[in-house]
>>> print(open('query.cif').read())   # mmCIF, C-alpha atoms and all ligand atoms
data_target
loop_
_atom_site.label_atom_id
_atom_site.label_comp_id
_atom_site.auth_asym_id
_atom_site.auth_seq_id
_atom_site.Cartn_x
_atom_site.Cartn_y
_atom_site.Cartn_z
CA MET A 1 123.73 71.00 82.13
CA GLY A 2 126.95 72.98 82.60
CA LYS A 3 128.14 74.84 85.65
CA ILE A 4 125.76 77.55 86.82
CA LYS A 5 127.37 80.98 86.63
CA THR A 6 124.47 83.40 86.19
CA ILE A 7 121.15 83.31 88.02
CA GLY A 8 118.01 85.14 86.92
CA ILE A 9 115.57 86.44 89.52
CA MET A 10 111.98 87.52 88.97
CA THR A 11 108.65 88.08 90.70
CA SER A 12 105.42 86.88 89.11
CA GLY A 13 101.66 86.86 89.73
CA GLY A 14 100.04 88.90 92.51
CA ASP A 15 102.59 90.88 94.51
CA ALA A 16 103.09 90.14 98.20
CA PRO A 17 104.80 92.08 101.01
CA GLY A 18 108.24 90.56 101.51
CA MET A 19 108.95 90.00 97.82
CA ASN A 20 111.57 92.76 97.95
CA ALA A 21 113.22 91.14 100.95
CA ALA A 22 113.39 87.91 98.91
CA ILE A 23 114.90 89.70 95.88
CA ARG A 24 117.49 91.23 98.20
CA ALA A 25 118.30 87.88 99.80
CA VAL A 26 118.73 86.07 96.47
CA THR A 27 120.85 88.89 95.03
CA ARG A 28 123.13 89.23 98.03
CA ALA A 29 123.50 85.50 98.74
CA GLY A 30 124.08 84.88 95.04
CA ILE A 31 126.82 87.49 94.77
CA TYR A 32 128.35 86.35 98.09
CA ASN A 33 128.66 82.85 96.63
CA GLY A 34 130.26 84.02 93.37
CA PHE A 35 127.27 84.04 90.97
CA ASN A 36 126.24 86.81 88.58
CA ILE A 37 122.69 87.98 89.16
CA LYS A 38 120.37 89.24 86.44
CA ALA A 39 117.00 90.78 87.24
CA VAL A 40 114.03 89.96 85.02
CA TYR A 41 111.44 92.76 85.12
CA ARG A 42 107.63 92.31 84.82
CA GLY A 43 107.54 88.57 85.44
CA TYR A 44 107.31 86.14 82.53
CA ASP A 45 106.22 88.99 80.24
CA GLY A 46 109.58 90.64 80.84
CA LEU A 47 111.38 87.36 80.19
CA ILE A 48 109.63 87.10 76.82
CA ALA A 49 110.40 90.76 76.04
CA ASP A 50 114.03 90.48 77.22
CA ASP A 51 113.49 93.10 79.93
CA ILE A 52 116.54 91.85 81.81
CA ARG A 53 119.33 93.80 83.55
CA PRO A 54 122.39 92.85 85.60
CA PHE A 55 121.96 93.36 89.35
CA THR A 56 124.50 94.33 91.99
CA THR A 57 124.17 94.55 95.77
CA GLU A 58 123.41 98.29 95.36
CA ASN A 59 120.27 97.50 93.39
CA VAL A 60 118.78 95.90 96.50
CA SER A 61 119.89 98.45 99.09
CA GLY A 62 117.17 99.78 101.36
CA ILE A 63 114.38 97.54 100.07
CA ILE A 64 114.01 94.97 102.84
CA GLY A 65 111.22 96.94 104.51
CA THR A 66 109.29 98.01 101.43
CA GLY A 67 106.07 96.53 100.04
CA GLY A 68 105.36 95.57 96.42
CA THR A 69 108.18 94.38 94.17
CA ILE A 70 110.94 96.53 92.68
CA LEU A 71 111.03 94.09 89.73
CA LYS A 72 107.33 94.71 88.92
CA THR A 73 105.12 91.72 88.29
CA ALA A 74 102.52 90.42 85.85
CA ARG A 75 100.16 87.56 85.20
CA SER A 76 101.48 86.53 81.79
CA LYS A 77 99.10 85.02 79.24
CA GLU A 78 101.82 84.78 76.60
CA PHE A 79 103.98 82.51 78.77
CA MET A 80 101.20 79.92 78.62
CA THR A 81 101.74 79.54 74.87
CA ASP A 82 104.48 77.46 73.20
CA GLU A 83 105.72 80.53 71.30
CA GLY A 84 105.92 82.58 74.52
CA LYS A 85 107.90 79.90 76.32
CA GLN A 86 110.26 79.49 73.37
CA LYS A 87 110.94 83.27 73.32
CA ALA A 88 111.57 83.18 77.06
CA TYR A 89 114.04 80.31 76.63
CA ASP A 90 115.82 82.06 73.76
CA ASN A 91 116.26 85.16 75.92
CA LEU A 92 117.63 83.11 78.82
CA VAL A 93 120.20 81.61 76.44
CA LYS A 94 121.01 85.03 74.96
CA GLU A 95 121.47 86.54 78.45
CA GLU A 96 123.54 83.49 79.50
CA ILE A 97 121.26 82.82 82.44
CA ASP A 98 121.75 79.24 83.67
CA ALA A 99 119.10 79.09 86.42
CA LEU A 100 115.95 81.04 87.18
CA ILE A 101 114.53 81.85 90.62
CA VAL A 102 110.82 82.66 90.49
CA ILE A 103 109.12 84.31 93.47
CA GLY A 104 105.38 83.82 93.18
CA GLY A 105 102.26 81.85 93.98
CA ASN A 106 100.57 78.79 92.59
CA GLY A 107 100.16 79.95 88.97
CA SER A 108 103.70 81.32 88.76
CA LEU A 109 105.30 78.16 90.14
CA THR A 110 103.16 76.02 87.82
CA GLY A 111 104.59 78.08 84.94
CA ALA A 112 108.11 77.50 86.30
CA MET A 113 107.54 73.76 86.63
CA ASN A 114 106.21 73.35 83.09
CA PHE A 115 109.01 75.47 81.65
CA ALA A 116 111.66 73.53 83.61
CA GLN A 117 110.32 70.22 82.27
CA GLU A 118 109.87 71.32 78.67
CA PHE A 119 113.24 73.05 78.31
CA ASP A 120 115.31 71.03 80.79
CA PHE A 121 116.06 74.28 82.61
CA CYS A 122 116.90 74.78 86.30
CA CYS A 123 114.02 76.63 87.99
CA ILE A 124 113.78 77.30 91.71
CA GLY A 125 110.61 78.68 93.30
CA LEU A 126 110.15 80.87 96.35
CA PRO A 127 106.65 80.92 97.87
CA GLY A 128 105.51 84.52 97.37
CA THR A 129 101.77 84.92 97.85
CA ILE A 130 99.45 86.36 100.48
CA ASP A 131 97.14 83.33 100.07
CA ASN A 132 99.37 80.81 101.90
CA ASP A 133 98.10 78.10 99.57
CA LEU A 134 101.41 76.44 98.61
CA TYR A 135 102.01 72.95 99.91
CA GLY A 136 105.26 72.13 101.72
CA THR A 137 105.85 75.41 103.52
CA ASP A 138 104.13 76.42 106.75
CA ASN A 139 103.76 80.01 105.57
CA THR A 140 104.23 81.86 102.32
CA ILE A 141 105.99 85.22 101.98
CA GLY A 142 103.37 87.95 102.45
CA TYR A 143 100.81 85.92 104.37
CA ASP A 144 101.78 87.21 107.82
CA THR A 145 101.79 90.86 106.73
CA THR A 146 98.39 90.53 105.07
CA MET A 147 96.95 88.80 108.12
CA ASN A 148 98.13 91.68 110.30
CA THR A 149 96.67 94.20 107.86
CA ILE A 150 93.31 92.44 107.96
CA VAL A 151 93.33 92.31 111.76
CA ASP A 152 94.11 96.01 111.91
CA CYS A 153 91.18 96.76 109.57
CA VAL A 154 88.77 94.54 111.49
CA ASP A 155 89.73 96.18 114.78
CA ARG A 156 88.69 99.49 113.22
CA ILE A 157 85.50 98.09 111.75
CA ARG A 158 84.57 96.68 115.14
CA ASP A 159 84.61 100.19 116.64
CA THR A 160 82.00 101.44 114.23
CA ALA A 161 80.06 98.14 114.25
CA GLN A 162 79.64 98.45 118.00
CA SER A 163 78.78 102.15 117.92
CA HIS A 164 76.01 101.57 115.39
CA GLU A 165 75.05 98.07 116.55
CA ARG A 166 75.54 96.65 113.07
CA ILE A 167 76.35 93.31 111.50
CA PHE A 168 79.44 93.50 109.29
CA PHE A 169 80.45 91.06 106.60
CA VAL A 170 84.14 91.68 105.90
CA GLU A 171 85.46 90.11 102.71
CA VAL A 172 89.12 89.13 102.54
CA MET A 173 91.33 87.71 99.78
CA GLY A 174 92.68 84.17 99.59
CA ARG A 175 91.59 82.98 96.15
CA ASP A 176 90.45 79.37 96.79
CA ALA A 177 91.95 79.08 100.26
CA GLY A 178 90.50 80.11 103.62
CA PHE A 179 93.76 80.50 105.57
CA LEU A 180 93.56 84.30 105.62
CA ALA A 181 89.87 84.35 106.52
CA GLN A 182 89.97 81.73 109.26
CA ASN A 183 93.11 82.94 111.00
CA SER A 184 92.29 86.62 110.77
CA ALA A 185 88.85 85.82 112.23
CA ILE A 186 90.53 84.14 115.20
CA ALA A 187 93.06 86.96 115.60
CA SER A 188 90.46 89.73 115.40
CA GLY A 189 87.89 88.04 117.65
CA ALA A 190 85.29 87.87 114.87
CA GLU A 191 82.11 85.91 115.51
CA ALA A 192 82.50 83.66 112.46
CA ALA A 193 84.41 82.92 109.27
CA ILE A 194 82.95 81.70 106.01
CA ILE A 195 85.64 79.76 104.16
CA PRO A 196 85.82 77.51 101.09
CA GLU A 197 87.05 74.57 103.19
CA ASP A 198 83.76 74.46 105.11
CA SER A 199 80.23 74.86 103.79
CA THR A 200 77.95 77.46 105.36
CA ASP A 201 74.16 77.24 105.08
CA VAL A 202 71.39 79.54 106.17
CA ASP A 203 70.89 77.74 109.48
CA GLN A 204 74.52 78.20 110.37
CA LEU A 205 74.29 81.82 109.40
CA ALA A 206 71.36 82.20 111.76
CA GLN A 207 73.47 80.67 114.51
CA PHE A 208 76.29 83.12 113.86
CA MET A 209 73.90 86.01 114.04
CA GLN A 210 72.27 84.87 117.24
CA ARG A 211 75.61 84.15 118.79
CA GLY A 212 76.92 87.60 117.89
CA ILE A 213 73.80 89.29 119.11
CA ARG A 214 73.79 87.37 122.37
CA LYS A 215 77.40 88.33 122.94
CA SER A 216 77.56 91.97 122.02
CA LYS A 217 73.92 92.98 121.95
CA LYS A 218 73.45 94.04 118.36
CA SER A 219 76.78 93.95 116.58
CA CYS A 220 78.78 91.13 115.07
CA ILE A 221 81.57 90.56 112.56
CA VAL A 222 81.73 87.74 110.04
CA ILE A 223 84.89 87.35 107.92
CA VAL A 224 84.09 86.01 104.45
CA SER A 225 86.65 84.48 102.13
CA GLU A 226 86.38 85.96 98.63
CA SER A 227 84.34 83.96 96.15
CA PRO A 228 82.85 84.92 92.78
CA LYS A 229 79.37 83.75 93.79
CA CYS A 230 79.22 83.59 97.59
CA GLY A 231 81.23 86.58 98.80
CA ALA A 232 80.32 89.08 101.50
CA LEU A 233 77.64 90.76 99.34
CA TYR A 234 75.86 87.44 98.87
CA TYR A 235 75.75 86.67 102.60
CA ALA A 236 74.74 90.22 103.47
CA ASP A 237 71.79 89.90 101.08
CA ARG A 238 70.75 86.59 102.58
CA VAL A 239 70.85 88.02 106.08
CA ARG A 240 68.93 91.14 105.08
CA LYS A 241 66.20 88.87 103.72
CA GLU A 242 66.12 86.43 106.65
CA PHE A 243 66.66 88.97 109.42
CA PRO A 244 65.26 92.32 108.28
CA GLU A 245 65.58 93.63 111.83
CA TYR A 246 69.41 93.72 111.58
CA ASP A 247 71.38 96.64 110.21
CA VAL A 248 73.84 94.96 107.83
CA ARG A 249 76.95 96.41 106.19
CA VAL A 250 79.63 94.99 103.90
CA SER A 251 83.29 95.89 103.80
CA ILE A 252 85.43 94.43 101.00
CA LEU A 253 89.05 94.97 101.96
CA GLY A 254 90.39 94.41 98.43
CA HIS A 255 93.90 95.29 97.36
CA LEU A 256 94.85 97.22 100.46
CA GLN A 257 95.54 93.72 101.81
CA ARG A 258 98.40 93.31 99.35
CA GLY A 259 100.35 96.46 100.17
CA GLY A 260 102.38 97.76 103.07
CA ARG A 261 105.64 97.18 104.86
CA PRO A 262 106.36 93.49 105.44
CA THR A 263 106.33 92.23 109.02
CA ALA A 264 109.54 90.97 110.62
CA ARG A 265 108.24 87.41 110.15
CA ASP A 266 107.84 87.88 106.40
CA ARG A 267 111.24 89.55 106.08
CA ILE A 268 112.88 86.63 107.89
CA LEU A 269 111.00 84.03 105.83
CA ALA A 270 112.01 85.85 102.63
CA SER A 271 115.63 86.11 103.75
CA ARG A 272 115.87 82.45 104.78
CA THR A 273 114.24 81.10 101.63
CA GLY A 274 116.27 83.47 99.43
CA VAL A 275 119.53 82.20 100.93
CA GLY A 276 118.08 78.66 100.72
CA ALA A 277 117.49 79.07 96.99
CA ILE A 278 121.16 79.87 96.36
CA GLU A 279 122.20 76.96 98.58
CA ALA A 280 119.87 74.70 96.57
CA ILE A 281 121.58 75.74 93.33
CA ILE A 282 125.02 75.11 94.84
CA GLN A 283 123.84 71.63 95.91
CA GLY A 284 122.64 70.91 92.36
CA GLN A 285 118.94 70.92 93.25
CA ARG A 286 116.52 71.64 90.39
CA ASN A 287 112.85 72.32 90.02
CA ILE A 288 112.07 72.68 93.68
CA MET A 289 110.41 75.30 95.86
CA VAL A 290 112.22 76.48 98.97
CA GLY A 291 109.97 76.60 102.02
CA VAL A 292 110.19 76.61 105.79
CA ARG A 293 108.53 73.77 107.69
CA ASN A 294 108.78 73.36 111.45
CA ASN A 295 111.34 76.15 111.41
CA GLU A 296 113.64 74.26 109.02
CA VAL A 297 114.39 75.31 105.45
CA VAL A 298 113.08 72.55 103.15
CA TYR A 299 113.15 71.76 99.43
CA VAL A 300 109.84 70.62 97.98
CA PRO A 301 109.52 69.41 94.36
CA LEU A 302 107.63 72.07 92.38
CA SER A 303 105.14 69.40 91.33
CA GLU A 304 104.23 68.80 94.99
CA ALA A 305 104.21 72.46 96.00
CA ILE A 306 101.59 73.29 93.40
CA ARG A 307 99.60 70.06 93.05
CA SER A 308 98.89 68.79 96.52
CA ASP A 309 96.18 70.45 98.53
CA LYS A 310 97.69 72.28 101.45
CA PRO A 311 96.07 70.71 104.51
CA PHE A 312 93.69 73.01 106.33
CA ASP A 313 93.77 72.41 110.06
CA ARG A 314 90.10 71.88 110.92
CA LYS A 315 90.88 72.45 114.59
CA LEU A 316 91.02 76.15 113.68
CA ILE A 317 87.29 76.00 112.98
CA LYS A 318 86.72 74.62 116.48
CA VAL A 319 88.96 77.32 118.01
CA LEU A 320 86.92 80.11 116.44
CA ASP A 321 83.68 78.36 117.29
CA GLU A 322 84.48 77.92 120.95
CA LEU A 323 85.86 81.41 121.37
CA SER A 324 83.00 83.26 119.72
CA ILE A 325 80.23 82.29 122.15
O1 LIG B 401 96.86 85.44 94.70
C1 LIG B 401 96.88 86.65 95.37
C2 LIG B 401 95.58 87.39 95.20
O2 LIG B 401 95.67 88.59 95.93
C3 LIG B 401 94.34 86.60 95.57
O3 LIG B 401 94.10 86.57 96.96
C4 LIG B 401 93.28 87.34 94.79
O4 LIG B 401 92.19 86.50 94.49
C5 LIG B 401 94.00 87.74 93.53
O5 LIG B 401 95.39 87.72 93.85
C6 LIG B 401 93.63 89.10 92.99
O6 LIG B 401 94.34 89.28 91.81
P1 LIG B 401 94.44 90.65 91.00
O7 LIG B 401 95.31 91.57 91.76
O8 LIG B 401 95.01 90.25 89.70
O9 LIG B 401 93.03 91.18 90.91
#
>>> encode(input="query.cif", output="structure tokens")
Amino acid sequence: MGKIKTIGIMTSGGDAPGMNAAIRAVTRAGIYNGFNIKAVYRGYDGLIADDIRPFTTENVSGIIGTGGTILKTARSKEFMTDEGKQKAYDNLVKEEIDALIVIGGNGSLTGAMNFAQEFDFCCIGLPGTIDNDLYGTDNTIGYDTTMNTIVDCVDRIRDTAQSHERIFFVEVMGRDAGFLAQNSAIASGAEAAIIPEDSTDVDQLAQFMQRGIRKSKKSCIVIVSESPKCGALYYADRVRKEFPEYDVRVSILGHLQRGGRPTARDRILASRTGVGAIEAIIQGQRNIMVGVRNNEVVYVPLSEAIRSDKPFDRKLIKVLDELSI
């Protein structure tokens, strides 16, 4: 592997607030340290299609506070094939890109890891996902903003829940992880959270209901982590059957959770990890994800970041439980 002169930057998978701040940080820190920066548009699809343009500091002016990603993003099916990866590699060679920084979640960093191994290419990951499900970093870029968005929505839902004395099941994103659901439930003062890390049966549901009713007469809010089979609609149906006396409503927050201006926390995390990615390249690191743990920038092998289960602090379940009496 020769000296790295040109670095490619891209976003991939579901977008997350703070991705633009990370693109800005990588671009500016890269240029500051003497590298050329090339932007890859539309994730791995753009890499395969050679949708690649040189970037200067002007390209990233005024984007630190904007949501979405100026580079666009995609969930690429073609990159999972041998032909797709070969085309991507050929384009990297053609564009003289020596290292690739990928901002994305679990699937995107898995793609980066496999590509790095198969083609002996330097890939660096930044944790960009609202789900917070990457191991080795306390938070992912976008998680804090999404949590605040959810809390804002639940505060509003509580107004109407109380006025009408209704039970609300509010469904939030998170894919297979309950970090968003559990922590937004604590932060919004919800009566309960239904998360994949903890099983919920009908008896427990009954307890939630009674607890909510005891507390606020006839209204209560349960945050439900998305799930193809047991989402908010499923639990609402169960409760309607078991407790026909309650007036039940469902609110699925959906993609509004992914948009909006990033919080200061997400902008700082994106800026620190973006600068950390360039530092990693200077140090000769390869195939790692840059995270922040205990307020320190850390380098985690991509294989660990994506493979290990991120520990879920079960004390959070107790916190919500004790505070929702
Ligand atoms: O991974 C981020 C995420 O927002 C998940 O929470 C959610 O399950 C998924 O992406 C939704 O993906 P899409 O936008 O492709 O429907």
>>> closest_residue(input="query.cif", among="A:Gly178, A:Gly189, A:Pro311, A:Gly254", to="A:Ile221", atoms="only C-alpha atoms")
A:Gly189
>>> residues_near_ligand(input="query.cif", ligand="ligand LIG 401 (chain B)", cutoff="6 Å", atoms="all atoms listed in the file", output="list in words")
Gly14, Thr129, Ile130, Asp131, Met173, Gly174 and Arg175 of chain A
>>> atom_distance(input="query.cif", atom1="atom CA of A:Leu269", atom2="atom CA of A:Asn33")
19.9 Å
>>> residues_around(input="query.cif", residues="stretch 302-310 of chain A", least_positions_apart="3", cutoff="12 Å", atoms="all atoms listed in the file", output="PyMOL selection string")
chain A and resi 102+104-117+122-127+131-140+176-179+197+285-291+298-299+313
>>> closest_residue(input="query.cif", among="A:Thr27, A:Phe79, A:Ala88, A:Tyr234", to="A:Glu58", atoms="all atoms listed in the file")
A:Thr27
>>> residues_near_point(input="query.cif", point="(86.0, 75.6, 107.6)", cutoff="9 Å", atoms="only C-alpha atoms", output="PyMOL selection string")
chain A and resi 178+182+193-200+312-314+316-318
>>> closest_residue(input="query.cif", among="A:Glu322, A:Phe169, A:Asp45, A:Ala206", to="A:Met80", atoms="all atoms listed in the file")
A:Asp45
>>> closest_residue(input="query.cif", among="A:Lys315, A:Arg267, A:Lys94, A:Arg272", to="A:Pro17", atoms="only C-alpha atoms")
A:Arg267
>>> residues_near_point(input="query.cif", point="(118.6, 85.1, 105.2)", cutoff="12 Å", atoms="all atoms listed in the file", output="list in words")
Ala21, Ala22, Ile23, Arg24, Ala25, Val26, Thr27, Arg28, Ala29, Gly30, Ile64, Arg265, Asp266, Arg267, Ile268, Leu269, Ala270, Ser271, Arg272, Thr273, Gly274, Val275, Gly276, Ala277, Ile278, Glu279, Val292 and Val297 of chain A
>>> closest_residue(input="query.cif", among="A:Phe168, A:Tyr41, A:Tyr89, A:Tyr143", to="A:Arg240", atoms="only C-alpha atoms")
A:Phe168
>>> atom_distance(input="query.cif", atom1="atom CA of A:Gly84", atom2="atom CA of A:Phe121")
15.4 Å
>>> build_atoms(input="query.cif", residues="stretch 146-163 of chain A", atoms="N, CA, C and O atoms", output="PDB file, keeping the file's coordinate frame")
ATOM      1  N   THR A 146      99.793  90.340 105.463  1.00  0.00           N
ATOM      2  CA  THR A 146      98.390  90.530 105.070  1.00  0.00           C
ATOM      3  C   THR A 146      97.456  90.204 106.235  1.00  0.00           C
ATOM      4  O   THR A 146      96.486  90.914 106.485  1.00  0.00           O
ATOM      5  N   MET A 147      97.787  89.149 106.955  1.00  0.00           N
ATOM      6  CA  MET A 147      96.950  88.800 108.120  1.00  0.00           C
ATOM      7  C   MET A 147      96.913  89.969 109.106  1.00  0.00           C
ATOM      8  O   MET A 147      95.868  90.333 109.635  1.00  0.00           O
ATOM      9  N   ASN A 148      98.077  90.551 109.367  1.00  0.00           N
ATOM     10  CA  ASN A 148      98.130  91.680 110.300  1.00  0.00           C
ATOM     11  C   ASN A 148      97.364  92.884 109.769  1.00  0.00           C
ATOM     12  O   ASN A 148      96.723  93.604 110.538  1.00  0.00           O
ATOM     13  N   THR A 149      97.424  93.092 108.459  1.00  0.00           N
ATOM     14  CA  THR A 149      96.670  94.200 107.860  1.00  0.00           C
ATOM     15  C   THR A 149      95.170  93.975 108.058  1.00  0.00           C
ATOM     16  O   THR A 149      94.421  94.889 108.430  1.00  0.00           O
ATOM     17  N   ILE A 150      94.734  92.749 107.816  1.00  0.00           N
ATOM     18  CA  ILE A 150      93.310  92.440 107.960  1.00  0.00           C
ATOM     19  C   ILE A 150      92.872  92.658 109.416  1.00  0.00           C
ATOM     20  O   ILE A 150      91.837  93.280 109.685  1.00  0.00           O
ATOM     21  N   VAL A 151      93.690  92.180 110.342  1.00  0.00           N
ATOM     22  CA  VAL A 151      93.330  92.310 111.760  1.00  0.00           C
ATOM     23  C   VAL A 151      93.222  93.785 112.144  1.00  0.00           C
ATOM     24  O   VAL A 151      92.294  94.196 112.845  1.00  0.00           O
ATOM     25  N   ASP A 152      94.144  94.576 111.636  1.00  0.00           N
ATOM     26  CA  ASP A 152      94.110  96.010 111.910  1.00  0.00           C
ATOM     27  C   ASP A 152      92.804  96.619 111.380  1.00  0.00           C
ATOM     28  O   ASP A 152      92.140  97.411 112.051  1.00  0.00           O
ATOM     29  N   CYS A 153      92.428  96.232 110.162  1.00  0.00           N
ATOM     30  CA  CYS A 153      91.180  96.760 109.570  1.00  0.00           C
ATOM     31  C   CYS A 153      89.965  96.309 110.374  1.00  0.00           C
ATOM     32  O   CYS A 153      89.050  97.100 110.631  1.00  0.00           O
ATOM     33  N   VAL A 154      89.947  95.055 110.767  1.00  0.00           N
ATOM     34  CA  VAL A 154      88.770  94.540 111.490  1.00  0.00           C
ATOM     35  C   VAL A 154      88.650  95.209 112.863  1.00  0.00           C
ATOM     36  O   VAL A 154      87.541  95.517 113.311  1.00  0.00           O
ATOM     37  N   ASP A 155      89.779  95.460 113.493  1.00  0.00           N
ATOM     38  CA  ASP A 155      89.730  96.180 114.780  1.00  0.00           C
ATOM     39  C   ASP A 155      89.023  97.526 114.591  1.00  0.00           C
ATOM     40  O   ASP A 155      88.225  97.960 115.421  1.00  0.00           O
ATOM     41  N   ARG A 156      89.317  98.186 113.487  1.00  0.00           N
ATOM     42  CA  ARG A 156      88.690  99.490 113.220  1.00  0.00           C
ATOM     43  C   ARG A 156      87.210  99.330 112.905  1.00  0.00           C
ATOM     44  O   ARG A 156      86.366 100.117 113.345  1.00  0.00           O
ATOM     45  N   ILE A 157      86.911  98.313 112.114  1.00  0.00           N
ATOM     46  CA  ILE A 157      85.500  98.090 111.750  1.00  0.00           C
ATOM     47  C   ILE A 157      84.689  97.760 112.996  1.00  0.00           C
ATOM     48  O   ILE A 157      83.541  98.180 113.138  1.00  0.00           O
ATOM     49  N   ARG A 158      85.307  97.044 113.923  1.00  0.00           N
ATOM     50  CA  ARG A 158      84.570  96.680 115.140  1.00  0.00           C
ATOM     51  C   ARG A 158      84.135  97.936 115.910  1.00  0.00           C
ATOM     52  O   ARG A 158      83.032  97.995 116.456  1.00  0.00           O
ATOM     53  N   ASP A 159      84.994  98.954 115.932  1.00  0.00           N
ATOM     54  CA  ASP A 159      84.610 100.190 116.640  1.00  0.00           C
ATOM     55  C   ASP A 159      83.287 100.727 116.108  1.00  0.00           C
ATOM     56  O   ASP A 159      82.362 100.997 116.855  1.00  0.00           O
ATOM     57  N   THR A 160      83.216 100.851 114.801  1.00  0.00           N
ATOM     58  CA  THR A 160      82.000 101.440 114.230  1.00  0.00           C
ATOM     59  C   THR A 160      80.830 100.446 114.280  1.00  0.00           C
ATOM     60  O   THR A 160      79.680 100.849 114.460  1.00  0.00           O
ATOM     61  N   ALA A 161      81.138  99.142 114.160  1.00  0.00           N
ATOM     62  CA  ALA A 161      80.060  98.140 114.250  1.00  0.00           C
ATOM     63  C   ALA A 161      79.393  98.223 115.619  1.00  0.00           C
ATOM     64  O   ALA A 161      78.161  98.180 115.741  1.00  0.00           O
ATOM     65  N   GLN A 162      80.208  98.390 116.644  1.00  0.00           N
ATOM     66  CA  GLN A 162      79.640  98.450 118.000  1.00  0.00           C
ATOM     67  C   GLN A 162      78.883  99.749 118.218  1.00  0.00           C
ATOM     68  O   GLN A 162      77.798  99.756 118.782  1.00  0.00           O
ATOM     69  N   SER A 163      79.455 100.855 117.723  1.00  0.00           N
ATOM     70  CA  SER A 163      78.780 102.150 117.920  1.00  0.00           C
ATOM     71  C   SER A 163      77.392 102.134 117.308  1.00  0.00           C
ATOM     72  O   SER A 163      76.435 102.636 117.882  1.00  0.00           O
TER      73      SER A 163
END
